[in-house]
>>> print(open('work.txt').read())   # compact mmCIF, N, CA and C atoms
# COMPACT_ATOMS: atom_id res chain seq x y z
N MET A 1 -4.30 -2.79 3.60
CA MET A 1 -4.21 -1.38 3.25
C MET A 1 -5.50 -0.63 3.61
N ARG A 2 -6.64 -1.26 3.36
CA ARG A 2 -7.89 -0.58 3.68
C ARG A 2 -8.06 -0.41 5.18
N ILE A 3 -7.59 -1.39 5.95
CA ILE A 3 -7.68 -1.27 7.41
C ILE A 3 -6.80 -0.12 7.89
N GLU A 4 -5.62 0.04 7.29
CA GLU A 4 -4.75 1.16 7.65
C GLU A 4 -5.42 2.49 7.35
N GLU A 5 -6.09 2.59 6.21
CA GLU A 5 -6.81 3.81 5.86
C GLU A 5 -7.95 4.05 6.85
N ALA A 6 -8.64 2.99 7.23
CA ALA A 6 -9.73 3.11 8.21
C ALA A 6 -9.18 3.59 9.55
N LYS A 7 -8.04 3.07 9.97
CA LYS A 7 -7.43 3.50 11.22
C LYS A 7 -7.15 4.99 11.19
N GLN A 8 -6.62 5.47 10.08
CA GLN A 8 -6.32 6.90 9.93
C GLN A 8 -7.61 7.72 10.05
N MET A 9 -8.66 7.27 9.40
CA MET A 9 -9.95 7.99 9.46
C MET A 9 -10.50 8.00 10.88
N LEU A 10 -10.40 6.87 11.58
CA LEU A 10 -10.92 6.79 12.94
C LEU A 10 -10.15 7.72 13.87
N GLU A 11 -8.88 7.92 13.61
CA GLU A 11 -8.06 8.81 14.44
C GLU A 11 -8.34 10.28 14.18
N THR A 12 -8.67 10.63 12.95
CA THR A 12 -8.70 12.04 12.58
C THR A 12 -10.05 12.61 12.19
N GLU A 13 -11.01 11.76 11.85
CA GLU A 13 -12.29 12.26 11.36
C GLU A 13 -13.42 11.89 12.30
N ASP A 14 -14.40 12.76 12.36
CA ASP A 14 -15.56 12.53 13.22
C ASP A 14 -16.73 12.05 12.37
N VAL A 15 -16.60 10.86 11.83
CA VAL A 15 -17.66 10.27 11.00
C VAL A 15 -18.06 8.93 11.59
N ALA A 16 -19.27 8.48 11.27
CA ALA A 16 -19.78 7.21 11.77
C ALA A 16 -18.92 6.06 11.25
N ILE A 17 -18.83 5.02 12.06
CA ILE A 17 -18.04 3.85 11.66
C ILE A 17 -18.60 3.23 10.38
N GLU A 18 -19.90 3.28 10.20
CA GLU A 18 -20.50 2.77 8.97
C GLU A 18 -19.99 3.55 7.76
N ASP A 19 -19.81 4.86 7.93
CA ASP A 19 -19.30 5.69 6.84
C ASP A 19 -17.83 5.41 6.56
N VAL A 20 -17.08 5.13 7.62
CA VAL A 20 -15.67 4.75 7.45
C VAL A 20 -15.61 3.46 6.65
N SER A 21 -16.46 2.51 7.01
CA SER A 21 -16.51 1.21 6.34
C SER A 21 -16.72 1.38 4.84
N VAL A 22 -17.71 2.16 4.47
CA VAL A 22 -18.02 2.37 3.04
C VAL A 22 -16.89 3.14 2.36
N SER A 23 -16.32 4.11 3.05
CA SER A 23 -15.26 4.93 2.46
C SER A 23 -14.03 4.12 2.08
N VAL A 24 -13.75 3.07 2.85
CA VAL A 24 -12.56 2.26 2.56
C VAL A 24 -12.89 1.02 1.73
N GLY A 25 -14.16 0.90 1.32
CA GLY A 25 -14.50 -0.15 0.37
C GLY A 25 -15.23 -1.37 0.89
N TYR A 26 -15.75 -1.31 2.12
CA TYR A 26 -16.53 -2.41 2.67
C TYR A 26 -17.99 -2.00 2.73
N GLU A 27 -18.83 -2.66 1.94
CA GLU A 27 -20.25 -2.31 1.90
C GLU A 27 -21.01 -2.79 3.13
N ASP A 28 -20.50 -3.84 3.78
CA ASP A 28 -21.18 -4.41 4.94
C ASP A 28 -20.45 -3.99 6.22
N PRO A 29 -21.02 -3.06 6.99
CA PRO A 29 -20.35 -2.59 8.20
C PRO A 29 -20.10 -3.69 9.23
N THR A 30 -20.96 -4.69 9.29
CA THR A 30 -20.76 -5.79 10.23
C THR A 30 -19.50 -6.57 9.86
N PHE A 31 -19.33 -6.85 8.58
CA PHE A 31 -18.13 -7.55 8.12
C PHE A 31 -16.89 -6.70 8.42
N PHE A 32 -16.99 -5.41 8.16
CA PHE A 32 -15.87 -4.50 8.42
C PHE A 32 -15.47 -4.54 9.89
N ARG A 33 -16.46 -4.47 10.80
CA ARG A 33 -16.16 -4.50 12.23
C ARG A 33 -15.45 -5.80 12.62
N LYS A 34 -15.95 -6.93 12.11
CA LYS A 34 -15.33 -8.22 12.43
C LYS A 34 -13.90 -8.30 11.88
N LEU A 35 -13.71 -7.87 10.65
CA LEU A 35 -12.38 -7.90 10.04
C LEU A 35 -11.44 -6.96 10.78
N PHE A 36 -11.91 -5.77 11.11
CA PHE A 36 -11.09 -4.80 11.82
C PHE A 36 -10.63 -5.38 13.15
N LYS A 37 -11.55 -6.01 13.90
CA LYS A 37 -11.19 -6.59 15.19
C LYS A 37 -10.21 -7.75 15.01
N ARG A 38 -10.41 -8.55 13.98
CA ARG A 38 -9.50 -9.67 13.72
C ARG A 38 -8.09 -9.17 13.42
N ARG A 39 -7.98 -8.07 12.69
CA ARG A 39 -6.67 -7.55 12.30
C ARG A 39 -5.99 -6.72 13.38
N THR A 40 -6.78 -6.01 14.20
CA THR A 40 -6.19 -5.08 15.17
C THR A 40 -6.32 -5.52 16.62
N GLY A 41 -7.26 -6.42 16.89
CA GLY A 41 -7.48 -6.87 18.26
C GLY A 41 -8.50 -6.06 19.02
N VAL A 42 -9.00 -4.98 18.42
CA VAL A 42 -10.02 -4.14 19.04
C VAL A 42 -11.07 -3.77 18.00
N THR A 43 -12.26 -3.39 18.46
CA THR A 43 -13.30 -2.94 17.54
C THR A 43 -12.95 -1.55 17.02
N PRO A 44 -13.57 -1.12 15.92
CA PRO A 44 -13.32 0.24 15.44
C PRO A 44 -13.63 1.31 16.50
N ALA A 45 -14.70 1.10 17.27
CA ALA A 45 -15.05 2.08 18.30
C ALA A 45 -13.98 2.13 19.39
N GLN A 46 -13.48 0.98 19.80
CA GLN A 46 -12.42 0.94 20.81
C GLN A 46 -11.15 1.59 20.26
N TYR A 47 -10.84 1.31 19.01
CA TYR A 47 -9.66 1.91 18.39
C TYR A 47 -9.78 3.42 18.39
N ARG A 48 -10.95 3.92 18.02
CA ARG A 48 -11.17 5.37 17.98
C ARG A 48 -10.98 5.98 19.37
N GLN A 49 -11.53 5.36 20.39
CA GLN A 49 -11.39 5.89 21.75
C GLN A 49 -9.94 5.93 22.19
N ARG A 50 -9.18 4.92 21.88
CA ARG A 50 -7.79 4.82 22.33
C ARG A 50 -6.82 5.67 21.52
N ASN A 51 -7.17 5.95 20.27
CA ASN A 51 -6.21 6.60 19.37
C ASN A 51 -6.68 7.93 18.83
N ARG A 52 -7.70 8.47 19.40
CA ARG A 52 -8.25 9.74 18.94
C ARG A 52 -7.18 10.83 19.07
N ILE A 53 -7.00 11.59 18.03
CA ILE A 53 -6.04 12.70 18.10
C ILE A 53 -6.65 13.81 18.95
N ARG A 54 -5.89 14.24 19.93
CA ARG A 54 -6.39 15.24 20.87
C ARG A 54 -6.77 16.52 20.13
N GLY A 55 -7.85 17.15 20.64
CA GLY A 55 -8.30 18.39 20.04
C GLY A 55 -9.53 18.23 19.20
N LEU A 56 -9.85 16.99 18.81
CA LEU A 56 -11.08 16.75 18.07
C LEU A 56 -12.19 16.47 19.04
N SER A 57 -13.39 16.94 18.74
CA SER A 57 -14.51 16.65 19.62
C SER A 57 -14.98 15.23 19.37
N ALA A 58 -15.35 14.54 20.42
CA ALA A 58 -15.78 13.15 20.30
C ALA A 58 -17.27 13.04 20.23
>>> encode(input="work.txt", output="structure tokens")
Amino acid sequence: MRIEEAKQMLETEDVAIEDVSVSVGYEDPTFFRKLFKRRTGVTPAQYRQRNRIRGLSA
């Protein structure tokens, strides 16, 4: 569930990945990145690039 919330934030909000990590309940951004990649197959940064909602500045 937290990964799904993080995916939504990465698609719609222009905040640092570290801030996304903390917002969804992971205090360690490194752990969050590893878990995110394990669950989705891509890093949070790659996910953001591929799924960014058009119209937001990158």
>>> residues_around(input="work.txt", residues="A:Glu11", least_positions_apart="4", cutoff="6.5 Å", atoms="only N, CA and C atoms", output="list in words")
Ala6, Lys7, Arg48, Asn51, Arg52 and Ile53 of chain A
>>> residues_around(input="work.txt", residues="stretch 15-17 of chain A", least_positions_apart="3", cutoff="8 Å", atoms="only C-alpha atoms", output="PyMOL selection string")
chain A and resi 10+20-21+29+44-45
>>> write_last_selection(input="work.txt", atoms="N, CA and C atoms", output="CSV table (one decimal), keeping the file's coordinate frame")
chain,number,residue,atom,x,y,z
A,10,LEU,N,-10.4,6.9,11.6
A,10,LEU,CA,-10.9,6.8,12.9
A,10,LEU,C,-10.2,7.7,13.9
A,20,VAL,N,-17.1,5.1,7.6
A,20,VAL,CA,-15.7,4.8,7.4
A,20,VAL,C,-15.6,3.5,6.6
A,21,SER,N,-16.5,2.5,7.0
A,21,SER,CA,-16.5,1.2,6.3
A,21,SER,C,-16.7,1.4,4.8
A,29,PRO,N,-21.0,-3.1,7.0
A,29,PRO,CA,-20.4,-2.6,8.2
A,29,PRO,C,-20.1,-3.7,9.2
A,44,PRO,N,-13.6,-1.1,15.9
A,44,PRO,CA,-13.3,0.2,15.4
A,44,PRO,C,-13.6,1.3,16.5
A,45,ALA,N,-14.7,1.1,17.3
A,45,ALA,CA,-15.0,2.1,18.3
A,45,ALA,C,-14.0,2.1,19.4
>>> select_by_dssp(input="work.txt", residues="stretch 10-58 of chain A", states="helix (DSSP H, G or I)", output="CSV table (one decimal) with N, CA and C atoms, in the frame of the given file")
chain,number,residue,atom,x,y,z
A,10,LEU,N,-10.4,6.9,11.6
A,10,LEU,CA,-10.9,6.8,12.9
A,10,LEU,C,-10.2,7.7,13.9
A,11,GLU,N,-8.9,7.9,13.6
A,11,GLU,CA,-8.1,8.8,14.4
A,11,GLU,C,-8.3,10.3,14.2
A,12,THR,N,-8.7,10.6,13.0
A,12,THR,CA,-8.7,12.0,12.6
A,12,THR,C,-10.0,12.6,12.2
A,17,ILE,N,-18.8,5.0,12.1
A,17,ILE,CA,-18.0,3.8,11.7
A,17,ILE,C,-18.6,3.2,10.4
A,18,GLU,N,-19.9,3.3,10.2
A,18,GLU,CA,-20.5,2.8,9.0
A,18,GLU,C,-20.0,3.6,7.8
A,19,ASP,N,-19.8,4.9,7.9
A,19,ASP,CA,-19.3,5.7,6.8
A,19,ASP,C,-17.8,5.4,6.6
A,20,VAL,N,-17.1,5.1,7.6
A,20,VAL,CA,-15.7,4.8,7.4
A,20,VAL,C,-15.6,3.5,6.6
A,21,SER,N,-16.5,2.5,7.0
A,21,SER,CA,-16.5,1.2,6.3
A,21,SER,C,-16.7,1.4,4.8
A,22,VAL,N,-17.7,2.2,4.5
A,22,VAL,CA,-18.0,2.4,3.0
A,22,VAL,C,-16.9,3.1,2.4
A,23,SER,N,-16.3,4.1,3.0
A,23,SER,CA,-15.3,4.9,2.5
A,23,SER,C,-14.0,4.1,2.1
A,29,PRO,N,-21.0,-3.1,7.0
A,29,PRO,CA,-20.4,-2.6,8.2
A,29,PRO,C,-20.1,-3.7,9.2
A,30,THR,N,-21.0,-4.7,9.3
A,30,THR,CA,-20.8,-5.8,10.2
A,30,THR,C,-19.5,-6.6,9.9
A,31,PHE,N,-19.3,-6.8,8.6
A,31,PHE,CA,-18.1,-7.6,8.1
A,31,PHE,C,-16.9,-6.7,8.4
A,32,PHE,N,-17.0,-5.4,8.2
A,32,PHE,CA,-15.9,-4.5,8.4
A,32,PHE,C,-15.5,-4.5,9.9
A,33,ARG,N,-16.5,-4.5,10.8
A,33,ARG,CA,-16.2,-4.5,12.2
A,33,ARG,C,-15.4,-5.8,12.6
A,34,LYS,N,-16.0,-6.9,12.1
A,34,LYS,CA,-15.3,-8.2,12.4
A,34,LYS,C,-13.9,-8.3,11.9
A,35,LEU,N,-13.7,-7.9,10.6
A,35,LEU,CA,-12.4,-7.9,10.0
A,35,LEU,C,-11.4,-7.0,10.8
A,36,PHE,N,-11.9,-5.8,11.1
A,36,PHE,CA,-11.1,-4.8,11.8
A,36,PHE,C,-10.6,-5.4,13.2
A,37,LYS,N,-11.6,-6.0,13.9
A,37,LYS,CA,-11.2,-6.6,15.2
A,37,LYS,C,-10.2,-7.8,15.0
A,38,ARG,N,-10.4,-8.6,14.0
A,38,ARG,CA,-9.5,-9.7,13.7
A,38,ARG,C,-8.1,-9.2,13.4
A,39,ARG,N,-8.0,-8.1,12.7
A,39,ARG,CA,-6.7,-7.6,12.3
A,39,ARG,C,-6.0,-6.7,13.4
A,40,THR,N,-6.8,-6.0,14.2
A,40,THR,CA,-6.2,-5.1,15.2
A,40,THR,C,-6.3,-5.5,16.6
A,44,PRO,N,-13.6,-1.1,15.9
A,44,PRO,CA,-13.3,0.2,15.4
A,44,PRO,C,-13.6,1.3,16.5
A,45,ALA,N,-14.7,1.1,17.3
A,45,ALA,CA,-15.0,2.1,18.3
A,45,ALA,C,-14.0,2.1,19.4
A,46,GLN,N,-13.5,1.0,19.8
A,46,GLN,CA,-12.4,0.9,20.8
A,46,GLN,C,-11.2,1.6,20.3
A,47,TYR,N,-10.8,1.3,19.0
A,47,TYR,CA,-9.7,1.9,18.4
A,47,TYR,C,-9.8,3.4,18.4
A,48,ARG,N,-11.0,3.9,18.0
A,48,ARG,CA,-11.2,5.4,18.0
A,48,ARG,C,-11.0,6.0,19.4
A,49,GLN,N,-11.5,5.4,20.4
A,49,GLN,CA,-11.4,5.9,21.8
A,49,GLN,C,-9.9,5.9,22.2
A,50,ARG,N,-9.2,4.9,21.9
A,50,ARG,CA,-7.8,4.8,22.3
A,50,ARG,C,-6.8,5.7,21.5
A,51,ASN,N,-7.2,6.0,20.3
A,51,ASN,CA,-6.2,6.6,19.4
A,51,ASN,C,-6.7,7.9,18.8
>>> atom_distance(input="work.txt", atom1="atom N of A:Arg39", atom2="atom C of A:Arg2")
10.7 Å
>>> atom_distance(input="work.txt", atom1="atom N of A:Tyr26", atom2="atom C of A:Arg50")
22.5 Å
>>> atom_distance(input="work.txt", atom1="atom CA of A:Leu35", atom2="atom CA of A:Ile3")
8.5 Å
